[in-house]
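Engineer: Here you go, this is final.tsv (TSV, C-alpha atoms).
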chain	number	residue	atom	x	y	z
A	113	MET	CA	99.69	124.54	98.78
A	114	PHE	CA	103.15	124.47	97.18
A	115	LYS	CA	104.64	126.36	100.12
A	116	THR	CA	103.18	123.80	102.52
A	117	LEU	CA	104.52	120.94	100.40
A	118	SER	CA	108.04	122.36	100.64
A	119	THR	CA	107.87	122.33	104.44
A	120	LEU	CA	106.79	118.71	104.81
A	121	PRO	CA	109.43	116.52	106.55
A	122	LYS	CA	111.72	114.19	104.62
A	123	THR	CA	109.95	111.16	106.05
A	124	VAL	CA	106.74	112.11	104.24
A	125	TRP	CA	108.54	112.42	100.90
A	126	LEU	CA	110.49	109.19	101.42
A	127	ILE	CA	107.32	107.24	102.19
A	128	GLY	CA	105.77	108.75	99.08
A	129	LEU	CA	108.77	107.67	96.98
A	130	ILE	CA	108.58	104.14	98.41
A	131	SER	CA	104.90	103.91	97.50
A	132	PHE	CA	105.63	105.24	94.02
A	133	VAL	CA	108.22	102.55	93.29
A	134	ASN	CA	106.17	99.79	94.88
A	135	ASP	CA	103.03	100.71	92.96
A	136	SER	CA	104.95	100.86	89.71
A	137	ALA	CA	105.43	97.11	90.15
A	138	SER	CA	102.04	96.35	91.64
A	139	GLU	CA	100.02	98.28	89.07
A	140	MET	CA	102.09	96.95	86.18
A	141	LEU	CA	100.62	93.56	87.05
A	142	TYR	CA	97.19	94.45	88.43
A	143	PRO	CA	95.41	95.29	85.13
A	144	LEU	CA	96.91	92.13	83.61
A	145	MET	CA	95.54	89.84	86.33
A	146	PRO	CA	91.99	89.44	84.92
A	147	LEU	CA	93.47	88.88	81.44
A	148	TYR	CA	95.99	86.36	82.79
A	149	LEU	CA	93.37	84.50	84.82
A	150	ALA	CA	90.87	84.41	81.96
A	151	SER	CA	93.13	83.72	78.94
A	152	VAL	CA	95.97	81.68	80.48
A	153	LEU	CA	94.47	79.95	83.51
A	154	MET	CA	90.89	79.84	82.17
A	155	ALA	CA	89.34	81.27	85.36
A	156	GLY	CA	86.05	83.22	85.33
A	157	PRO	CA	84.54	86.10	87.35
A	158	LYS	CA	83.74	83.84	90.31
A	159	ALA	CA	87.41	82.86	90.64
A	160	ILE	CA	88.43	86.53	90.43
A	161	GLY	CA	85.97	87.33	93.20
A	162	ILE	CA	87.35	84.55	95.42
A	163	ILE	CA	90.99	85.52	94.81
A	164	GLU	CA	90.57	89.25	95.35
A	165	GLY	CA	88.11	88.85	98.20
A	166	ILE	CA	90.34	86.52	100.23
A	167	ALA	CA	93.48	88.50	99.39
A	168	GLU	CA	92.02	91.84	100.45
A	169	ALA	CA	90.33	90.38	103.54
A	170	THR	CA	93.72	88.99	104.61
A	171	SER	CA	95.31	92.38	104.06
A	172	SER	CA	92.62	94.10	106.12
A	173	LEU	CA	92.91	91.71	109.06
A	174	PHE	CA	96.66	92.16	109.32
A	175	LYS	CA	96.31	95.94	109.03
A	176	LEU	CA	94.54	95.79	112.39
A	177	VAL	CA	97.14	93.42	113.84
A	178	SER	CA	100.07	95.60	112.77
A	179	GLY	CA	98.30	98.80	113.87
A	180	VAL	CA	97.69	97.50	117.40
A	181	ILE	CA	101.25	96.16	117.68
A	182	VAL	CA	102.69	99.51	116.58
A	183	ASP	CA	100.83	101.36	119.34
A	184	ARG	CA	102.14	98.89	121.90
A	185	THR	CA	105.74	98.57	120.73
A	186	LYS	CA	106.18	102.11	119.37
A	187	LYS	CA	108.05	100.66	116.38
A	188	THR	CA	106.94	101.22	112.78
A	189	LYS	CA	109.98	100.62	110.58
A	190	PRO	CA	110.35	96.80	111.01
A	191	TRP	CA	106.75	96.22	109.91
A	192	ILE	CA	107.05	98.55	106.94
A	193	VAL	CA	110.25	96.89	105.70
A	194	PHE	CA	108.97	93.34	106.20
A	195	GLY	CA	105.67	94.16	104.51
A	196	TYR	CA	107.36	95.46	101.37
A	197	LEU	CA	109.75	92.50	101.39
A	198	LEU	CA	106.88	89.99	101.30
A	199	ALA	CA	105.24	91.83	98.40
A	200	GLY	CA	108.48	92.03	96.46
A	201	ILE	CA	109.03	88.29	96.79
A	202	GLY	CA	105.45	87.26	96.01
A	203	ARG	CA	104.58	89.17	92.84
A	204	PRO	CA	107.15	87.64	90.43
A	205	LEU	CA	106.08	84.13	91.50
A	206	ILE	CA	102.77	84.58	89.63
A	207	ALA	CA	104.70	83.76	86.46
A	208	PHE	CA	105.05	80.17	87.73
A	209	ALA	CA	101.34	79.72	88.55
A	210	ASN	CA	99.60	76.88	86.73
A	211	SER	CA	96.15	77.35	88.30
A	212	TRP	CA	94.08	80.10	89.87
A	213	LEU	CA	94.54	78.44	93.28
A	214	VAL	CA	98.28	79.08	93.03
A	215	VAL	CA	97.55	82.71	92.12
A	216	LEU	CA	95.34	82.87	95.20
A	217	MET	CA	98.21	81.75	97.46
A	218	ILE	CA	100.59	84.26	95.88
A	219	ARG	CA	98.07	87.10	96.16
A	220	PHE	CA	97.57	86.03	99.78
A	221	THR	CA	101.29	86.57	100.44
A	222	ASP	CA	101.33	89.87	98.58
A	223	ARG	CA	98.32	91.21	100.52
A	224	LEU	CA	99.75	89.87	103.80
A	225	GLY	CA	102.73	92.15	103.16
A	226	LYS	CA	100.40	95.07	102.51
A	227	GLY	CA	98.51	94.34	105.70
A	228	LEU	CA	101.66	94.35	107.80
A	229	ARG	CA	102.97	97.64	106.41
A	230	SER	CA	99.90	99.83	105.82
A	231	SER	CA	98.80	100.82	109.34
A	232	PRO	CA	102.39	101.39	110.60
A	233	ARG	CA	103.07	103.51	107.51
A	234	ASP	CA	99.88	105.55	108.01
A	235	ALA	CA	100.67	106.02	111.69
A	236	LEU	CA	104.18	107.19	110.82
A	237	LEU	CA	102.76	109.72	108.36
A	238	ALA	CA	100.22	111.02	110.89
A	239	GLU	CA	102.87	111.39	113.61
A	240	SER	CA	105.31	113.18	111.28
A	241	VAL	CA	103.15	116.30	110.73
A	242	PRO	CA	100.86	118.62	112.75
A	243	ALA	CA	97.08	118.18	112.57
A	244	ASN	CA	96.59	121.05	110.09
A	245	GLN	CA	98.84	119.30	107.55
A	246	ARG	CA	97.30	115.83	107.65
A	247	GLY	CA	95.11	116.31	104.60
A	248	ILE	CA	97.92	117.46	102.32
A	249	THR	CA	100.28	114.83	103.78
A	250	PHE	CA	97.99	111.90	103.07
A	251	GLY	CA	96.98	113.48	99.77
A	252	LEU	CA	100.62	113.75	98.69
A	253	HIS	CA	101.24	110.16	99.68
A	254	ARG	CA	98.24	108.93	97.69
A	255	SER	CA	99.25	111.08	94.71
A	256	MET	CA	102.75	109.61	94.65
A	257	ASP	CA	101.29	106.14	95.14
A	258	ASN	CA	98.99	106.70	92.17
A	259	ALA	CA	101.85	108.14	90.12
A	260	GLY	CA	103.36	104.67	90.36
A	261	ALA	CA	100.01	103.34	89.21
A	262	VAL	CA	100.43	105.48	86.08
A	263	VAL	CA	103.95	104.27	85.30
A	264	GLY	CA	103.17	100.59	85.94
A	265	PRO	CA	100.30	100.15	83.45
A	266	ILE	CA	102.20	102.13	80.81
A	267	LEU	CA	105.10	99.70	81.18
A	268	ALA	CA	102.64	96.82	80.93
A	269	ALA	CA	101.08	98.28	77.78
A	270	PHE	CA	104.53	98.76	76.23
A	271	LEU	CA	105.52	95.16	76.97
A	272	LEU	CA	102.22	93.87	75.55
A	273	ALA	CA	102.74	95.96	72.42
A	274	GLN	CA	106.15	94.28	72.06
A	275	HIS	CA	104.35	90.91	72.20
A	276	VAL	CA	105.97	89.92	75.49
A	277	PRO	CA	104.02	86.95	76.93
A	278	LEU	CA	101.93	87.68	80.02
A	279	ARG	CA	103.95	85.24	82.13
A	280	GLU	CA	107.23	87.01	81.38
A	281	ILE	CA	105.87	90.43	82.32
A	282	PHE	CA	105.45	89.26	85.91
A	283	PHE	CA	109.22	88.67	86.16
A	284	TRP	CA	109.88	92.39	85.73
A	285	ALA	CA	108.24	93.15	89.08
A	286	ILE	CA	111.29	91.91	90.98
A	287	ILE	CA	113.37	95.02	90.11
A	288	PRO	CA	111.15	97.67	91.73
A	289	GLY	CA	110.56	95.20	94.58
A	290	VAL	CA	114.26	95.26	95.48
A	291	ILE	CA	114.43	99.07	95.20
A	292	THR	CA	111.40	99.44	97.47
A	293	VAL	CA	112.94	97.38	100.28
A	294	MET	CA	116.21	99.34	100.05
A	295	LEU	CA	114.35	102.65	100.36
A	296	ALA	CA	112.26	101.36	103.28
A	297	LEU	CA	115.47	100.55	105.17
A	298	CYS	CA	116.26	104.30	105.09
A	299	LEU	CA	113.18	105.25	107.13
A	300	LYS	CA	113.58	106.63	110.65
A	301	GLU	CA	111.26	106.25	113.61
A	302	PRO	CA	109.45	109.43	114.74
A	303	PRO	CA	110.57	111.05	118.02
A	304	ARG	CA	108.72	109.65	121.02
A	305	VAL	CA	107.57	111.51	124.11
A	306	ALA	CA	109.83	110.79	127.07
A	307	GLY	CA	108.24	108.42	129.54
A	308	ASP	CA	105.60	107.34	127.06
A	309	ALA	CA	104.88	103.83	128.37
A	310	PRO	CA	103.71	101.12	125.94
A	311	LEU	CA	100.03	100.21	126.20
A	312	LYS	CA	98.64	96.80	127.01
A	313	PHE	CA	97.59	94.68	124.05
A	314	THR	CA	93.91	94.88	123.19
A	315	TRP	CA	92.14	94.14	119.94
A	316	SER	CA	88.95	96.03	120.79
A	317	MET	CA	87.98	99.64	120.09
A	318	ALA	CA	88.36	100.52	123.77
A	319	GLY	CA	89.53	104.11	124.10
A	320	LEU	CA	88.34	105.16	120.65
A	321	PRO	CA	85.56	107.81	120.60
A	322	PRO	CA	81.93	106.96	119.65
A	323	GLU	CA	82.17	109.22	116.59
A	324	PHE	CA	85.01	107.12	115.25
A	325	LYS	CA	83.08	103.89	115.82
A	326	ARG	CA	80.06	105.19	113.87
A	327	TYR	CA	82.31	106.29	111.03
A	328	ILE	CA	83.97	102.86	110.91
A	329	LEU	CA	80.62	101.06	110.68
A	330	VAL	CA	79.51	103.14	107.70
A	331	VAL	CA	82.91	102.74	106.03
A	332	GLY	CA	82.34	99.00	106.25
A	333	LEU	CA	78.93	99.31	104.61
A	334	PHE	CA	80.35	101.40	101.80
A	335	ALA	CA	83.12	98.84	101.32
A	336	LEU	CA	80.44	96.23	100.62
A	337	SER	CA	79.73	98.13	97.40
A	338	ASN	CA	83.41	98.55	96.57
A	339	SER	CA	84.35	95.20	95.01
A	340	SER	CA	87.65	94.54	93.27
A	341	ASP	CA	88.58	97.03	90.55
A	342	MET	CA	89.38	94.02	88.38
A	343	PHE	CA	85.66	93.84	87.60
A	344	LEU	CA	85.82	97.34	86.11
A	345	LEU	CA	88.63	96.22	83.83
A	346	LEU	CA	86.77	93.04	82.94
A	347	ARG	CA	83.70	95.12	82.10
A	348	ALA	CA	85.78	97.44	79.93
A	349	ARG	CA	87.17	94.48	77.99
A	350	GLU	CA	83.68	93.06	77.43
A	351	LEU	CA	82.42	96.44	76.20
A	352	GLY	CA	85.02	96.50	73.43
A	353	VAL	CA	88.21	98.05	74.81
A	354	PRO	CA	91.18	96.26	73.15
A	355	GLN	CA	93.39	94.16	75.41
A	356	GLU	CA	96.46	96.35	74.88
A	357	GLN	CA	94.50	99.45	75.94
A	358	ILE	CA	93.28	98.02	79.25
A	359	PRO	CA	96.51	98.96	81.11
A	360	LEU	CA	96.35	102.44	79.57
A	361	LEU	CA	92.77	102.85	80.76
A	362	TRP	CA	93.86	101.94	84.27
A	363	ALA	CA	96.81	104.33	83.98
A	364	THR	CA	94.41	107.14	83.07
A	365	ILE	CA	92.49	106.61	86.31
A	366	SER	CA	95.73	106.70	88.29
A	367	LEU	CA	96.91	109.82	86.46
A	368	ILE	CA	93.72	111.67	87.37
A	369	THR	CA	94.04	110.55	90.97
A	370	THR	CA	97.68	111.64	91.02
A	371	VAL	CA	96.94	115.12	89.67
A	372	PHE	CA	93.91	115.89	91.82
A	373	GLY	CA	94.67	113.87	94.97
A	374	THR	CA	96.97	116.38	96.66
A	375	PRO	CA	94.98	119.60	95.96
A	376	LEU	CA	91.66	118.04	96.97
A	377	SER	CA	93.15	116.64	100.17
A	378	ALA	CA	94.84	119.98	100.89
A	379	LEU	CA	91.45	121.71	100.63
A	380	SER	CA	90.16	119.40	103.35
A	381	ASP	CA	92.72	120.97	105.73
A	382	ARG	CA	90.86	124.28	105.29
A	383	PHE	CA	87.30	123.07	104.99
A	384	SER	CA	85.31	120.19	106.50
A	385	ARG	CA	86.51	116.79	105.29
A	386	ARG	CA	82.94	115.47	105.48
A	387	TYR	CA	81.86	117.26	102.30
A	388	PHE	CA	84.61	115.66	100.25
A	389	ILE	CA	83.80	112.17	101.47
A	390	ALA	CA	80.01	112.42	101.14
A	391	PHE	CA	80.15	113.98	97.68
A	392	ALA	CA	82.70	111.44	96.45
A	393	TRP	CA	80.69	108.48	97.76
A	394	ALA	CA	77.59	109.82	95.98
A	395	ALA	CA	79.60	110.11	92.77
A	396	TYR	CA	80.70	106.49	93.21
A	397	ALA	CA	77.06	105.39	93.34
A	398	LEU	CA	76.40	107.22	90.06
A	399	ILE	CA	79.49	105.67	88.43
A	400	TYR	CA	78.37	102.13	89.20
A	401	ALA	CA	74.83	102.89	88.10
A	402	GLY	CA	76.29	104.09	84.79
A	403	MET	CA	78.48	100.99	84.44
A	404	SER	CA	75.35	98.84	84.70
A	405	TYR	CA	74.04	100.13	81.37
A	406	SER	CA	74.24	97.29	78.85
A	407	ASN	CA	74.62	99.56	75.79
A	408	LEU	CA	77.36	101.71	77.26
A	409	THR	CA	79.63	103.14	74.56
A	410	VAL	CA	83.42	103.19	74.88
A	411	GLY	CA	83.32	106.98	75.03
A	412	TRP	CA	80.95	107.00	78.00
A	413	LEU	CA	83.00	104.22	79.55
A	414	PHE	CA	86.14	106.35	79.50
A	415	GLY	CA	84.16	109.23	81.01
A	416	LEU	CA	83.00	107.04	83.90
A	417	PHE	CA	86.55	105.80	84.44
A	418	ALA	CA	87.73	109.43	84.60
A	419	LEU	CA	85.05	110.21	87.18
A	420	TYR	CA	86.21	107.16	89.11
A	421	GLY	CA	89.68	108.66	89.20
A	422	LEU	CA	88.25	111.86	90.72
A	423	PHE	CA	86.38	109.78	93.28
A	424	LYS	CA	89.62	108.15	94.37
A	425	ALA	CA	91.38	111.53	94.47
A	426	ALA	CA	88.71	113.01	96.74
A	427	THR	CA	88.65	110.13	99.22
A	428	GLU	CA	91.93	108.22	99.52
A	429	GLY	CA	93.80	110.91	101.44
A	430	VAL	CA	90.84	112.66	103.06
A	431	GLU	CA	89.40	109.50	104.64
A	432	LYS	CA	92.74	108.76	106.30
A	433	ALA	CA	93.13	112.36	107.46
A	434	LEU	CA	89.73	112.11	109.16
A	435	VAL	CA	90.83	108.92	110.92
A	436	ALA	CA	93.90	110.76	112.24
A	437	ASP	CA	91.67	113.63	113.40
A	438	LEU	CA	89.44	111.29	115.39
A	439	ALA	CA	92.20	109.09	116.84
A	440	PRO	CA	93.22	109.79	120.47
A	441	SER	CA	96.89	110.24	121.28
A	442	GLY	CA	98.67	106.90	121.50
A	443	LEU	CA	96.00	105.03	119.53
A	444	THR	CA	96.79	106.23	116.02
A	445	GLY	CA	97.98	102.82	114.82
A	446	THR	CA	94.95	101.08	116.32
A	447	ALA	CA	92.59	103.62	114.71
A	448	PHE	CA	94.16	103.08	111.30
A	449	GLY	CA	94.07	99.35	111.89
A	450	TRP	CA	90.32	99.40	112.50
A	451	PHE	CA	89.75	101.76	109.57
A	452	ASN	CA	91.76	99.56	107.22
A	453	LEU	CA	90.06	96.44	108.56
A	454	SER	CA	86.58	97.91	108.11
A	455	SER	CA	87.27	99.21	104.62
A	456	GLY	CA	89.02	96.03	103.51
A	457	ILE	CA	87.42	93.05	105.24
A	458	MET	CA	84.14	93.69	103.40
A	459	LEU	CA	85.96	93.26	100.09
A	460	LEU	CA	85.65	89.51	100.56
A	461	PRO	CA	81.83	89.42	100.58
A	462	ALA	CA	81.75	92.38	98.17
A	463	SER	CA	83.87	90.61	95.57
A	464	LEU	CA	82.18	87.25	96.11
A	465	ILE	CA	78.68	88.75	95.76
A	466	PHE	CA	79.69	90.90	92.80
A	467	GLY	CA	81.39	88.01	91.00
A	468	TRP	CA	78.42	85.71	91.63
A	469	LEU	CA	75.90	88.31	90.39
A	470	TYR	CA	78.14	89.13	87.40
A	471	GLU	CA	78.38	85.51	86.26
A	472	SER	CA	75.04	84.07	87.43
A	473	SER	CA	72.78	86.99	86.59
A	474	SER	CA	74.35	89.83	84.59
A	475	PRO	CA	76.88	92.68	84.86
A	476	THR	CA	73.91	95.07	85.10
A	477	THR	CA	72.63	93.38	88.27
A	478	ALA	CA	76.09	93.36	89.85
A	479	PHE	CA	76.78	97.05	89.23
A	480	LEU	CA	73.30	98.10	90.36
A	481	PHE	CA	73.78	96.18	93.61
A	482	SER	CA	77.00	98.05	94.33
A	483	GLY	CA	75.42	101.38	93.42
A	484	ALA	CA	72.52	100.78	95.81
A	485	CYS	CA	74.82	99.83	98.71
A	486	SER	CA	76.96	102.93	98.26
A	487	ALA	CA	73.89	105.20	98.04
A	488	PHE	CA	72.61	103.83	101.35
A	489	ALA	CA	76.04	104.42	102.92
A	490	VAL	CA	75.92	108.07	101.82
A	491	LEU	CA	72.57	108.54	103.58
A	492	LEU	CA	73.92	107.06	106.81
A	493	LEU	CA	77.04	109.18	106.53
A	494	ILE	CA	75.04	112.40	106.26
A	495	PHE	CA	72.18	111.74	108.66
A	496	TRP	CA	73.86	109.54	111.30
A	497	VAL	CA	77.65	109.86	111.32
A	498	TYR	CA	78.12	113.55	110.58
A	499	ARG	CA	75.73	114.87	113.19
A	500	PRO	CA	77.88	113.88	116.19
A	501	ILE	CA	81.22	114.79	114.53
A	502	LYS	CA	80.08	118.05	112.92
A	503	GLU	CA	82.25	120.27	115.10
A	504	LYS	CA	85.29	117.98	114.98
A	505	THR	CA	85.81	117.86	111.22
Could the structure of this file be written out as structure tokens, please?

Structural biologist:
Amino acid sequence: MFKTLSTLPKTVWLIGLISFVNDSASEMLYPLMPLYLASVLMAGPKAIGIIEGIAEATSSLFKLVSGVIVDRTKKTKPWIVFGYLLAGIGRPLIAFANSWLVVLMIRFTDRLGKGLRSSPRDALLAESVPANQRGITFGLHRSMDNAGAVVGPILAAFLLAQHVPLREIFFWAIIPGVITVMLALCLKEPPRVAGDAPLKFTWSMAGLPPEFKRYILVVGLFALSNSSDMFLLLRARELGVPQEQIPLLWATISLITTVFGTPLSALSDRFSRRYFIAFAWAAYALIYAGMSYSNLTVGWLFGLFALYGLFKAATEGVEKALVADLAPSGLTGTAFGWFNLSSGIMLLPASLIFGWLYESSSPTTAFLFSGACSAFAVLLLIFWVYRPIKEKT
């Protein structure tokens, strides 16, 4: 694995570094959002569900838009730079928010930036390496991204321990935002095949194989169970985890994902990616079933959070590598656009349903609902999706 890592092109490492810096800012603020909304702006779980659902749905829609445009224009860098610029501008503005509706508009801008950059970035990664290095490439990227998610919460915990007000912490996000944009400007477009004519614009799945379409449908179903991670942090706080330890808990998840993301994704280059995805989705169902237990101890809670980190490590890079495997030549951006749309657009109903069940019924009902949806997705993945793509993974 280490020998393969040393041979990866500079573009892969630069994109990883960009994601590391960007996530240091993003994840410094993310675990503070439910605390900020609840304690400063007096917003409840329903408001969190609306904010995160709309924000992530926006991100998902523009991931498709940017992916299709990239395949037609053969340009990735402008969208990546502009996407990071929007995020860098939006995050510090949360400090000026005086209601959850203002936070919603700012999160909308932040996620718009993510939507514009994600599919072009994924396409650039896929086109920078041969097929037998896609797993380790996407795994490395996710590991570096999650390394930033370790640094960010630790910084947040340090600032909280120094009694820095929540509002002021959001100002600090502007520094890594500037660095991220400067690094993105250093990216170079991949070499293009001579005479490779741009395709006509189309927003459909025309040209994508049936196996890919089945996979995308089941990804969407699984996403219905995958509501905002803010609910996990809210649950942890309600179960007795001190406020200053919430960022550290989130950092632990990211650390586990960072450590195991690259090796697990690298294994998928040698073995079938389907086993990693199916097993990880099943583990997710068990995690949410465990989180539904009303008498869950803090010790068991930390264990479930650790397992959640392994789930992310086994899926974040591998799922994208499978998309690249199934995408026809010239439609990589479109394939990632549809994958990102399917996995993200359902976060709106997922977060709305979860937040409504959490507040109107109980946390137990909300977590059991998500566990049931993910379990059903695993069954479809094994008995419907994997049969036609068995020889291609």

Engineer: Just want the 9 Å neighbourhood of segment 259-274 of chain A, counted on only C-alpha atoms, with same-chain residues fewer than 6 positions away dropped. Output as a ChimeraX atom specification.

Structural biologist: /A:131-144,281,355-367,369-371

Engineer: Would you mind telling me which residue in A:Ser454, A:Ser472, A:Ser380, A:Ser441 lies nearest to Thr427 of chain A when using only C-alpha atoms?

Structural biologist: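 Result for the nearest residue to Thr427 of chain A: A:Ser380.
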
Engineer: For atom CA of Leu459 of chain A and atom CA of Glu431 of chain A, determine how far apart the two atoms are, in Å to one decimal place.

Structural biologist: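 These two atoms are separated by 17.2 Å.
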
Engineer: With distances taken over only C-alpha atoms, which of A:Ala487, A:Ala209, A:Ile368, A:Ala348 is nearest to Ser406 of chain A?

Structural biologist: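 Of all the options, A:Ala348 lies closest to Ser406 of chain A.
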
Engineer: Quick one: everything within 9 Å of Gly289 of chain A, counting all atoms listed in the file, minus sequence neighbours fewer than 5 positions away in the same chain. Send it as JSON, numbers by chain.

Structural biologist: {"A": [133, 134, 137, 196, 197, 199, 200, 201, 203, 294]}

Engineer: When distances are computed from all atoms listed in the file, which of A:Trp412, A:Trp496, A:Phe220, A:Tyr400 shows the smallest separation from Phe343 of chain A?

Structural biologist: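 Using all atoms listed in the file, the shortest distance to Phe343 of chain A belongs to A:Tyr400.
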